[in-house]
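J.: Please find model-v4.csv (CSV, C-alpha atoms and all ligand atoms) on the next line:
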chain,number,residue,atom,x,y,z
O,1,MET,CA,0.0,0.0,0.0
O,2,GLN,CA,1.1,3.5,-0.8
O,3,GLN,CA,2.8,5.3,2.2
O,4,ARG,CA,0.6,8.2,3.4
O,5,ILE,CA,1.7,11.2,5.4
O,6,GLY,CA,0.0,12.5,8.4
O,7,LEU,CA,-1.4,16.0,9.2
O,8,THR,CA,1.8,17.0,11.0
O,9,GLN,CA,4.0,16.3,8.1
O,10,PHE,CA,1.6,18.0,5.7
O,11,LEU,CA,1.7,21.1,7.9
O,12,VAL,CA,5.4,21.1,8.3
O,13,ASN,CA,5.7,20.9,4.5
O,14,GLU,CA,3.3,23.9,4.2
O,15,GLN,CA,5.5,25.8,6.7
O,16,HIS,CA,8.7,24.9,4.8
O,17,ALA,CA,7.1,26.1,1.6
O,18,GLY,CA,6.4,29.4,3.2
O,19,ARG,CA,2.6,29.1,3.1
O,20,ILE,CA,2.0,29.0,6.8
O,21,THR,CA,3.8,30.2,9.9
O,22,ALA,CA,4.8,28.1,12.9
O,23,ASP,CA,2.0,29.5,15.0
O,24,LEU,CA,-0.6,28.9,12.3
O,25,ARG,CA,0.7,25.3,12.2
O,26,LEU,CA,0.3,25.1,15.9
O,27,LEU,CA,-3.3,26.5,15.7
O,28,LEU,CA,-4.3,23.8,13.1
O,29,GLU,CA,-2.6,21.0,15.1
O,30,ILE,CA,-4.5,22.1,18.3
O,31,THR,CA,-7.8,22.4,16.4
O,32,ALA,CA,-7.2,18.9,15.0
O,33,ARG,CA,-6.6,17.7,18.6
O,34,ALA,CA,-9.9,19.3,19.7
O,35,VAL,CA,-11.7,17.6,16.8
O,36,ARG,CA,-10.3,14.2,17.8
O,37,THR,CA,-11.6,14.7,21.4
O,38,ILE,CA,-15.1,15.7,20.0
O,39,ALA,CA,-15.0,12.7,17.6
O,40,ALA,CA,-14.4,10.4,20.5
O,41,ILE,CA,-17.4,11.7,22.4
O,42,VAL,CA,-19.6,11.7,19.3
O,43,SER,CA,-18.8,8.1,18.5
O,44,LYS,CA,-19.8,7.0,22.0
O,45,GLY,CA,-23.2,8.8,21.7
O,46,ALA,CA,-25.6,7.8,24.5
O,47,LEU,CA,-22.7,5.9,26.3
O,48,ALA,CA,-21.0,9.3,26.8
O,49,ASP,CA,-24.3,11.0,27.8
O,50,ALA,CA,-23.8,13.0,24.6
O,51,LEU,CA,-27.4,13.0,23.4
O,52,GLY,CA,-30.3,15.3,24.2
O,53,GLU,CA,-30.7,18.9,25.2
O,54,ALA,CA,-28.6,20.9,27.6
O,55,GLY,CA,-31.6,22.8,29.0
O,56,THR,CA,-30.2,26.2,27.9
O,57,GLU,CA,-30.5,28.6,25.0
O,58,ASN,CA,-27.7,30.3,23.1
O,59,VAL,CA,-27.6,34.0,22.2
O,60,GLN,CA,-29.6,33.3,19.0
O,61,GLY,CA,-32.4,31.9,21.0
O,62,GLU,CA,-31.7,28.3,19.9
O,63,VAL,CA,-32.1,25.4,22.3
O,64,GLN,CA,-28.6,24.1,23.0
O,65,LYS,CA,-27.9,20.4,22.8
O,66,LYS,CA,-25.5,18.9,25.3
O,67,LEU,CA,-23.0,18.4,22.5
O,68,ASP,CA,-23.2,22.0,21.4
O,69,VAL,CA,-22.1,23.0,24.9
O,70,THR,CA,-19.5,20.2,25.2
O,71,ALA,CA,-17.9,20.8,21.8
O,72,ASN,CA,-17.7,24.5,22.5
O,73,GLU,CA,-15.9,23.8,25.8
O,74,ILE,CA,-13.5,21.5,24.1
O,75,MET,CA,-12.6,24.0,21.4
O,76,LEU,CA,-12.1,26.7,24.0
O,77,GLN,CA,-10.0,24.7,26.4
O,78,ALA,CA,-7.8,23.2,23.6
O,79,ASN,CA,-7.0,26.6,22.2
O,80,GLU,CA,-6.8,29.0,25.1
O,81,TRP,CA,-3.2,28.4,26.2
O,82,GLY,CA,-1.5,27.8,22.9
O,83,GLY,CA,-0.1,31.3,22.6
O,84,HIS,CA,-1.2,31.5,19.0
O,85,LEU,CA,-4.5,33.3,19.6
O,86,ALA,CA,-5.7,36.7,20.8
O,87,ALA,CA,-9.4,35.7,21.0
O,88,MET,CA,-12.1,33.3,20.0
O,89,ALA,CA,-15.7,33.6,19.0
O,90,SER,CA,-18.4,30.9,18.6
O,91,GLU,CA,-22.0,30.3,17.7
O,92,GLU,CA,-22.6,29.3,21.3
O,93,MET,CA,-21.2,32.5,22.9
O,94,GLU,CA,-22.8,35.9,22.9
O,95,THR,CA,-19.5,37.8,22.6
O,96,ILE,CA,-15.8,37.1,22.1
O,97,PHE,CA,-13.6,35.1,24.4
O,98,PRO,CA,-10.2,36.8,24.8
O,99,VAL,CA,-7.5,34.3,25.7
O,100,PRO,CA,-6.7,34.4,29.4
O,101,THR,CA,-3.1,35.6,29.3
O,102,ASP,CA,-1.3,38.5,30.9
O,103,SER,CA,1.5,38.3,28.4
O,104,GLN,CA,1.5,38.8,24.7
O,105,LYS,CA,-1.6,38.0,22.7
O,106,GLY,CA,-1.2,35.7,19.7
O,107,ASN,CA,-1.4,36.5,16.0
O,108,PHE,CA,-4.7,34.9,15.2
O,109,LEU,CA,-8.5,35.1,15.9
O,110,LEU,CA,-10.4,31.8,15.8
O,111,LEU,CA,-14.1,31.5,15.1
O,112,PHE,CA,-16.1,28.3,15.1
O,113,ASP,CA,-19.4,26.5,15.0
O,114,PRO,CA,-18.5,23.9,17.5
O,115,LEU,CA,-21.3,21.5,16.5
O,116,ASP,CA,-22.9,21.9,13.2
O,117,GLY,CA,-26.1,20.0,12.4
O,118,SER,CA,-27.4,19.8,16.0
O,119,SER,CA,-30.8,18.4,14.8
O,120,ASN,CA,-28.9,15.3,13.6
O,121,ILE,CA,-27.1,14.5,16.9
O,122,ASP,CA,-29.8,12.3,18.4
O,123,VAL,CA,-30.6,10.5,15.2
O,124,ASN,CA,-27.0,9.4,14.6
O,125,VAL,CA,-26.5,11.3,11.3
O,126,THR,CA,-23.3,13.1,10.3
O,127,ILE,CA,-22.5,16.3,12.3
O,128,GLY,CA,-19.5,18.5,12.2
O,129,THR,CA,-17.4,21.4,13.5
O,130,ILE,CA,-16.6,24.4,11.3
O,131,PHE,CA,-13.8,26.9,11.9
O,132,SER,CA,-12.4,30.1,10.5
O,133,VAL,CA,-9.0,31.7,11.2
O,134,LEU,CA,-8.4,35.5,10.9
O,135,ARG,CA,-5.3,37.5,11.6
O,136,ASN,CA,-5.3,39.6,14.7
O,137,PRO,CA,-5.2,43.2,13.5
O,138,ARG,CA,-4.0,44.6,16.9
O,139,ALA,CA,-0.6,45.0,18.5
O,140,HIS,CA,0.3,42.1,20.9
O,141,HIS,CA,-0.2,44.0,24.1
O,142,GLU,CA,-3.7,45.2,23.3
O,143,THR,CA,-6.9,43.6,24.3
O,144,PRO,CA,-8.9,42.3,21.4
O,145,ALA,CA,-12.4,43.6,20.7
O,146,GLU,CA,-15.4,42.2,18.8
O,147,ALA,CA,-14.8,44.7,16.0
O,148,ASP,CA,-11.5,43.0,15.2
O,149,PHE,CA,-13.4,39.9,14.0
O,150,LEU,CA,-15.5,41.9,11.5
O,151,GLN,CA,-13.2,41.2,8.6
O,152,PRO,CA,-14.4,40.1,5.2
O,153,GLY,CA,-14.0,36.3,4.5
O,154,HIS,CA,-11.4,36.8,1.8
O,155,GLN,CA,-9.0,37.8,4.6
O,156,GLN,CA,-9.3,34.4,6.3
O,157,ALA,CA,-5.8,32.8,6.9
O,158,ALA,CA,-7.3,29.3,7.0
O,159,ALA,CA,-10.7,27.6,7.2
O,160,GLY,CA,-11.9,24.1,7.7
O,161,TYR,CA,-14.4,21.6,9.0
O,162,ALA,CA,-14.5,18.3,10.7
O,163,ALA,CA,-17.2,15.8,9.6
O,164,TYR,CA,-18.2,13.2,12.2
O,165,GLY,CA,-19.6,10.5,10.0
O,166,PRO,CA,-18.8,6.8,9.3
O,167,SER,CA,-15.2,8.1,9.4
O,168,THR,CA,-14.0,11.4,11.0
O,169,LEU,CA,-12.6,13.7,8.4
O,170,LEU,CA,-10.7,17.0,8.8
O,171,VAL,CA,-10.9,19.2,5.7
O,172,LEU,CA,-8.9,22.4,5.5
O,173,THR,CA,-7.4,25.1,3.4
O,174,VAL,CA,-4.6,27.6,4.1
O,175,GLY,CA,-5.2,29.2,0.6
O,176,ASN,CA,-3.4,26.6,-1.4
O,177,GLY,CA,-6.2,24.2,-2.3
O,178,VAL,CA,-8.4,22.0,-0.1
O,179,HIS,CA,-7.0,19.0,1.7
O,180,GLY,CA,-8.7,16.2,3.6
O,181,PHE,CA,-7.5,14.0,6.4
O,182,THR,CA,-9.1,10.8,7.8
O,183,LEU,CA,-8.8,10.0,11.5
O,184,LEU,CA,-7.1,6.7,12.2
O,185,ARG,CA,-8.8,6.0,15.5
O,186,GLU,CA,-6.2,3.4,16.7
O,187,THR,CA,-3.4,5.9,16.7
O,188,GLY,CA,-5.3,9.2,16.8
O,189,GLU,CA,-3.5,10.4,13.7
O,190,PHE,CA,-5.1,12.3,10.9
O,191,ILE,CA,-3.9,10.7,7.7
O,192,TYR,CA,-3.7,12.7,4.4
O,193,THR,CA,-6.2,10.9,2.3
O,194,HIS,CA,-7.8,13.7,0.1
O,195,PRO,CA,-5.2,15.9,-1.6
O,196,PHE,CA,-6.4,18.9,-3.6
O,197,MET,CA,-10.2,18.3,-3.5
O,198,THR,CA,-11.9,19.9,-6.5
O,199,ILE,CA,-15.6,20.5,-7.3
O,200,PRO,CA,-16.7,19.5,-10.8
O,201,GLU,CA,-17.9,22.6,-12.7
O,202,GLU,CA,-21.2,21.0,-13.7
O,203,THR,CA,-23.5,18.8,-11.6
O,204,ARG,CA,-26.8,17.0,-11.6
O,205,GLU,CA,-27.4,17.2,-7.8
O,206,TYR,CA,-28.9,19.9,-5.6
O,207,ALA,CA,-29.5,20.5,-1.9
O,208,ILE,CA,-32.1,22.8,-0.4
O,209,ASN,CA,-34.7,22.5,2.3
O,210,ALA,CA,-37.7,22.1,0.0
O,211,SER,CA,-40.2,22.6,2.9
O,212,ASN,CA,-39.4,26.3,2.6
O,213,ALA,CA,-40.5,26.4,-1.0
O,214,ARG,CA,-43.5,28.6,-0.5
O,215,PHE,CA,-41.3,31.3,1.2
O,216,TRP,CA,-38.6,31.4,-1.5
O,217,GLU,CA,-37.9,34.4,-3.8
O,218,GLU,CA,-38.8,34.1,-7.5
O,219,PRO,CA,-35.2,33.4,-8.8
O,220,VAL,CA,-34.9,30.4,-6.4
O,221,LYS,CA,-38.4,29.2,-7.3
O,222,ARG,CA,-37.6,29.4,-11.0
O,223,TYR,CA,-34.2,27.7,-10.6
O,224,ILE,CA,-35.5,24.8,-8.6
O,225,ALA,CA,-38.6,24.4,-10.8
O,226,GLU,CA,-36.3,24.1,-13.8
O,227,LEU,CA,-34.3,21.4,-12.1
O,228,GLN,CA,-37.4,19.5,-11.1
O,229,GLN,CA,-38.7,19.4,-14.7
O,230,GLY,CA,-35.7,17.2,-15.5
O,231,LYS,CA,-35.2,15.9,-19.0
O,232,THR,CA,-38.4,17.4,-20.2
O,233,GLY,CA,-37.7,20.9,-18.9
O,234,PRO,CA,-35.3,23.7,-20.0
O,235,ARG,CA,-32.3,22.0,-18.5
O,236,GLY,CA,-32.9,18.8,-20.6
O,237,SER,CA,-31.5,16.6,-17.8
O,238,ASP,CA,-32.6,14.9,-14.6
O,239,PHE,CA,-31.4,16.3,-11.3
O,240,ASN,CA,-31.2,14.5,-8.0
O,241,MET,CA,-31.8,16.0,-4.6
O,242,ARG,CA,-30.1,15.5,-1.2
O,243,TRP,CA,-30.7,17.4,2.1
O,244,ILE,CA,-28.9,16.2,5.2
O,245,ALA,CA,-29.5,19.3,7.3
O,246,SER,CA,-25.9,19.3,8.5
O,247,MET,CA,-24.1,22.0,6.5
O,248,VAL,CA,-20.8,20.1,7.0
O,249,ALA,CA,-22.2,16.9,5.5
O,250,ASP,CA,-24.0,18.7,2.6
O,251,VAL,CA,-20.9,20.7,1.8
O,252,HIS,CA,-18.7,17.7,2.1
O,253,ARG,CA,-20.8,15.9,-0.5
O,254,VAL,CA,-20.5,18.9,-2.8
O,255,LEU,CA,-16.7,19.0,-2.4
O,256,THR,CA,-16.6,15.3,-3.1
O,257,ARG,CA,-18.8,14.8,-6.1
O,258,GLY,CA,-20.1,18.3,-7.0
O,259,GLY,CA,-23.5,19.8,-6.6
O,260,ILE,CA,-25.2,23.0,-5.4
O,261,PHE,CA,-26.1,23.8,-1.8
O,262,MET,CA,-28.5,26.5,-1.1
O,263,TYR,CA,-30.0,28.2,2.0
O,264,PRO,CA,-31.4,31.3,0.3
O,265,ILE,CA,-33.1,34.2,1.9
O,266,ASP,CA,-36.8,33.6,2.1
O,267,GLU,CA,-39.9,35.2,3.7
O,268,LYS,CA,-39.4,33.1,6.9
O,269,CYS,CA,-35.9,34.2,7.6
O,270,ARG,CA,-35.9,37.6,6.0
O,271,ASP,CA,-35.9,39.5,9.3
O,272,LYS,CA,-32.8,37.7,10.4
O,273,GLY,CA,-31.0,38.2,7.0
O,274,GLY,CA,-30.9,34.4,6.3
O,275,LYS,CA,-30.5,31.2,8.2
O,276,LEU,CA,-26.8,30.4,8.2
O,277,ARG,CA,-24.2,32.5,10.0
O,278,LEU,CA,-21.7,34.5,8.1
O,279,MET,CA,-18.6,34.4,10.3
O,280,TYR,CA,-18.4,30.7,11.3
O,281,GLU,CA,-20.5,28.9,8.7
O,282,ALA,CA,-20.7,30.8,5.4
O,283,ASN,CA,-17.2,32.3,5.3
O,284,PRO,CA,-15.2,29.2,6.1
O,285,MET,CA,-17.3,27.1,3.8
O,286,SER,CA,-17.1,29.7,1.0
O,287,MET,CA,-13.3,29.8,1.2
O,288,LEU,CA,-13.1,26.0,1.0
O,289,VAL,CA,-15.5,25.9,-2.0
O,290,GLU,CA,-13.7,28.7,-3.9
O,291,GLN,CA,-10.3,27.0,-3.1
O,292,ALA,CA,-11.8,23.8,-4.6
O,293,GLY,CA,-12.8,25.6,-7.8
O,294,GLY,CA,-16.4,26.3,-6.9
O,295,ALA,CA,-18.3,29.5,-6.2
O,296,ALA,CA,-20.2,30.9,-3.3
O,297,THR,CA,-22.7,33.8,-3.4
O,298,THR,CA,-25.7,35.2,-1.5
O,299,GLY,CA,-27.5,35.3,-4.9
O,300,ARG,CA,-26.5,39.0,-5.1
O,301,GLY,CA,-22.8,39.0,-4.5
O,302,ARG,CA,-19.7,37.0,-3.4
O,303,ILE,CA,-20.0,35.9,0.2
O,304,LEU,CA,-16.2,36.4,0.8
O,305,ASP,CA,-16.6,40.1,0.0
O,306,ILE,CA,-19.2,40.9,2.6
O,307,VAL,CA,-17.9,43.3,5.3
O,308,PRO,CA,-19.5,41.9,8.5
O,309,GLU,CA,-21.5,44.2,10.7
O,310,ARG,CA,-22.1,41.7,13.6
O,311,LEU,CA,-20.5,38.6,15.0
O,312,HIS,CA,-23.6,36.5,14.6
O,313,GLN,CA,-24.8,38.0,11.3
O,314,ARG,CA,-26.7,35.7,9.0
O,315,VAL,CA,-26.5,35.5,5.2
O,316,PRO,CA,-28.2,33.7,2.3
O,317,VAL,CA,-25.9,31.0,1.0
O,318,ILE,CA,-25.7,29.5,-2.5
O,319,LEU,CA,-22.5,27.5,-3.1
O,320,GLY,CA,-21.0,24.7,-5.0
O,321,SER,CA,-20.4,23.9,-8.7
O,322,ARG,CA,-19.4,27.1,-10.4
O,323,LYS,CA,-21.8,27.0,-13.4
O,324,GLU,CA,-24.9,26.3,-11.3
O,325,VAL,CA,-24.0,29.0,-8.7
O,326,GLU,CA,-23.5,31.4,-11.5
O,327,ARG,CA,-26.9,30.5,-13.1
O,328,VAL,CA,-28.8,31.1,-9.8
O,329,THR,CA,-27.0,34.3,-9.2
O,330,ALA,CA,-27.8,35.5,-12.7
O,331,TYR,CA,-31.5,34.7,-12.2
O,332,HIS,CA,-31.3,37.1,-9.2
O,333,GLY,CA,-30.0,39.8,-11.4
O,334,GLU,CA,-32.8,39.5,-14.1
S,1,LIG,P1,-26.4,24.4,13.7
S,1,LIG,O1,-26.7,23.0,14.1
S,1,LIG,O2,-25.0,24.8,13.9
S,1,LIG,O3,-27.4,25.4,14.3
S,1,LIG,O4,-26.5,24.6,12.1
S,1,LIG,C1,-27.6,24.0,11.4
S,1,LIG,C2,-27.7,24.6,10.1
S,1,LIG,C3,-26.9,23.9,9.0
S,1,LIG,O5,-26.0,22.9,9.4
S,1,LIG,C4,-28.0,23.2,8.1
S,1,LIG,O6,-27.6,23.3,6.8
S,1,LIG,C5,-29.2,24.0,8.4
S,1,LIG,O7,-29.0,24.6,9.7
S,1,LIG,C6,-30.4,23.1,8.5
S,1,LIG,O8,-31.5,23.9,8.6
S,1,LIG,P2,-33.0,23.3,8.5
S,1,LIG,O9,-33.3,22.6,9.8
S,1,LIG,O10,-33.9,24.5,8.2
S,1,LIG,O11,-33.1,22.3,7.3
S,2,MN,MN,-24.1,25.2,12.0
S,3,MN,MN,-23.8,24.7,15.7
Once more with this new file: its structure as structure tokens, please.

T.:
Amino acid sequence: MQQRIGLTQFLVNEQHAGRITADLRLLLEITARAVRTIAAIVSKGALADALGEAGTENVQGEVQKKLDVTANEIMLQANEWGGHLAAMASEEMETIFPVPTDSQKGNFLLLFDPLDGSSNIDVNVTIGTIFSVLRNPRAHHETPAEADFLQPGHQQAAAGYAAYGPSTLLVLTVGNGVHGFTLLRETGEFIYTHPFMTIPEETREYAINASNARFWEEPVKRYIAELQQGKTGPRGSDFNMRWIASMVADVHRVLTRGGIFMYPIDEKCRDKGGKLRLMYEANPMSMLVEQAGGAATTGRGRILDIVPERLHQRVPVILGSRKEVERVTAYHGE
């Protein structure tokens, strides 16, 4: 069998090639360690008392699952003493978490969705963790503020996700393609199994929560109706549909075999600006998708160009195979 390298060697190679610094390497190693800890708990399920609700709500008024809280704690604890960060922010925390140090602050800011796909925890379907890395814009002796996080997604230094499925995968980019690693549970190593993942330009598969159909805007209604008409419609081809309801799992499928993933703005979520969160869902996934040759827009503009106004801001998301994303985006302009 072909000899495969591990995450550490991959990151050392990236560092030697000048694409990442030593402290970004440390950040990614530590995040991988946290992912491994979360994966161990996820795989034990009820045996680790990991299912069910925590009995609390997060800042967005969502009921927290036990695993939302646990995964958040694991990410915080793993990263707080590494010296590589100035502050963290998470879906599960109202405001930022400056790292508890009296000495110098680190060079990076870390944002995460500790547990993505919470509705799938109790039904044993793939869930994940999403993370985004930004550069700390402040001098090392200064205390970070929430405003420091409000950088457009194209400034991300790195982005990635973990998928807790039949196998645990870590997929990341530092701006030089998308790379996937599979957890070898026996040794705890992440093995480099998916080099340079790319999204096919064209696809015959789409993902959208069709129960929202009556709330969609006209361009989305038109696009989906055309896909559903299949061979006999304007597209002249049959399209298949998948909706896992874990963004990580749906995006991982798109990265693996192409497709389009949409959580567009609709009448139900218009007040909030969308369903998915910009800073720790849409931005990291958009960076990955673009790095894999795909595209990511709100329907009206590139997601990575949005200048954030709030930490927990929501956005419409249309991402995946370039030609399909361009088509839906063009429909919005007509
Ligand atoms: P989270 O569990 O972090 O709140 O995210 C859930 C998100 C995303 O993963 C998924 O694509 C979407 O919500 C599912 O929404 P519906 O339940 O409306 O299908
Ligand atoms: Mn999520
Ligand atoms: Mn979440």

J.: Within 7 Å of O:Asp305, counting all atoms listed in the file, which residues show up once you throw out same-chain ones fewer than 2 positions away? Write them as an MDAnalysis selection string, please.

T.: chainID O and resid 152:154 302:303 307

J.: I'd like to know which of O:Arg314, O:His141, O:Lys65, O:Arg257 is closest to ligand MN 3 (chain S), using all atoms listed in the file.

T.: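 When distances to ligand MN 3 (chain S) are compared using all atoms listed in the file, the smallest one comes from O:Lys65.
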
J.: Calculated over all atoms listed in the file, which of the candidates O:Gln228, O:Thr198, O:Ser119, O:Ser211 has the smallest distance to ligand MN 3 (chain S)?

T.: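 Distance minimum relative to ligand MN 3 (chain S) lands on O:Ser119.
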
J.: So how far away is atom CA of O:Glu326 from atom P1 of ligand LIG 1 (chain S), in Å?

T.: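 Distance between the two atoms: 26.3 Å.
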
J.: If we count all atoms listed in the file, what is near O:Trp216 at a cut-off of 12 Å, once residues fewer than 5 positions away on the same chain are taken out, given as a list in words?

T.: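 Residues meeting the cut-off are Ile208, Asn209, Ala210, Ser211, Lys221, Arg222, Tyr223, Ile224, Ala225, Met262, Tyr263, Pro264, Ile265, Asp266, Glu267, Lys268, Cys269, Arg270, Gly274 and Pro316 of chain O.
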
J.: Quick one: residues within 9 Å of (-25.6, 9.4, 9.6) (file frame), counting all atoms listed in the file, please, as a list in words.

T.: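 Returned residue set, sorted by chain then number, is Asn120, Val123, Asn124, Val125, Thr126, Ile127, Tyr164, Gly165, Pro166 and Ile244 of chain O.
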
J.: What does the distance from atom CA of O:Ala78 to atom CA of O:Val289 come to in Å, to one decimal?

T.: 26.9 Å

J.: Could you list as an mmCIF file with C-alpha atoms, keeping the file's coordinate frame every residue that has an atom within 12 Å of (-6.2, 8.2, 13.7), using the file's coordinates and counting only C-alpha atoms?

T.:
data_model
loop_
_atom_site.group_PDB
_atom_site.id
_atom_site.type_symbol
_atom_site.label_atom_id
_atom_site.label_comp_id
_atom_site.auth_asym_id
_atom_site.auth_seq_id
_atom_site.Cartn_x
_atom_site.Cartn_y
_atom_site.Cartn_z
ATOM 1 C CA ILE O 5 1.700 11.200 5.400
ATOM 2 C CA GLY O 6 0.000 12.500 8.400
ATOM 3 C CA LEU O 7 -1.400 16.000 9.200
ATOM 4 C CA ALA O 32 -7.200 18.900 15.000
ATOM 5 C CA ARG O 33 -6.600 17.700 18.600
ATOM 6 C CA VAL O 35 -11.700 17.600 16.800
ATOM 7 C CA ARG O 36 -10.300 14.200 17.800
ATOM 8 C CA THR O 37 -11.600 14.700 21.400
ATOM 9 C CA ALA O 39 -15.000 12.700 17.600
ATOM 10 C CA ALA O 40 -14.400 10.400 20.500
ATOM 11 C CA SER O 167 -15.200 8.100 9.400
ATOM 12 C CA THR O 168 -14.000 11.400 11.000
ATOM 13 C CA LEU O 169 -12.600 13.700 8.400
ATOM 14 C CA LEU O 170 -10.700 17.000 8.800
ATOM 15 C CA PHE O 181 -7.500 14.000 6.400
ATOM 16 C CA THR O 182 -9.100 10.800 7.800
ATOM 17 C CA LEU O 183 -8.800 10.000 11.500
ATOM 18 C CA LEU O 184 -7.100 6.700 12.200
ATOM 19 C CA ARG O 185 -8.800 6.000 15.500
ATOM 20 C CA GLU O 186 -6.200 3.400 16.700
ATOM 21 C CA THR O 187 -3.400 5.900 16.700
ATOM 22 C CA GLY O 188 -5.300 9.200 16.800
ATOM 23 C CA GLU O 189 -3.500 10.400 13.700
ATOM 24 C CA PHE O 190 -5.100 12.300 10.900
ATOM 25 C CA ILE O 191 -3.900 10.700 7.700
ATOM 26 C CA TYR O 192 -3.700 12.700 4.400
ATOM 27 C CA THR O 193 -6.200 10.900 2.300
#

J.: Provide the atom CA of O:Asn13 to atom CA of O:Phe149 distance in Å, to one decimal place.

T.: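 According to the coordinates, atom CA of O:Asn13 and atom CA of O:Phe149 are separated by 28.6 Å.
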
J.: Around ligand LIG 1 (chain S), out to 6 Å and counting all atoms listed in the file, which residues are there? I want them as a PyMOL selection string.

T.: chain O and resi 113+115-118+209+245-247

J.: Using only C-alpha atoms, which residue out of O:Leu134, O:Val317, O:Met75, O:Ile260 lies closest to O:Gly273?

T.: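 Looking at the shortest contact to O:Gly273, the residue is O:Val317.
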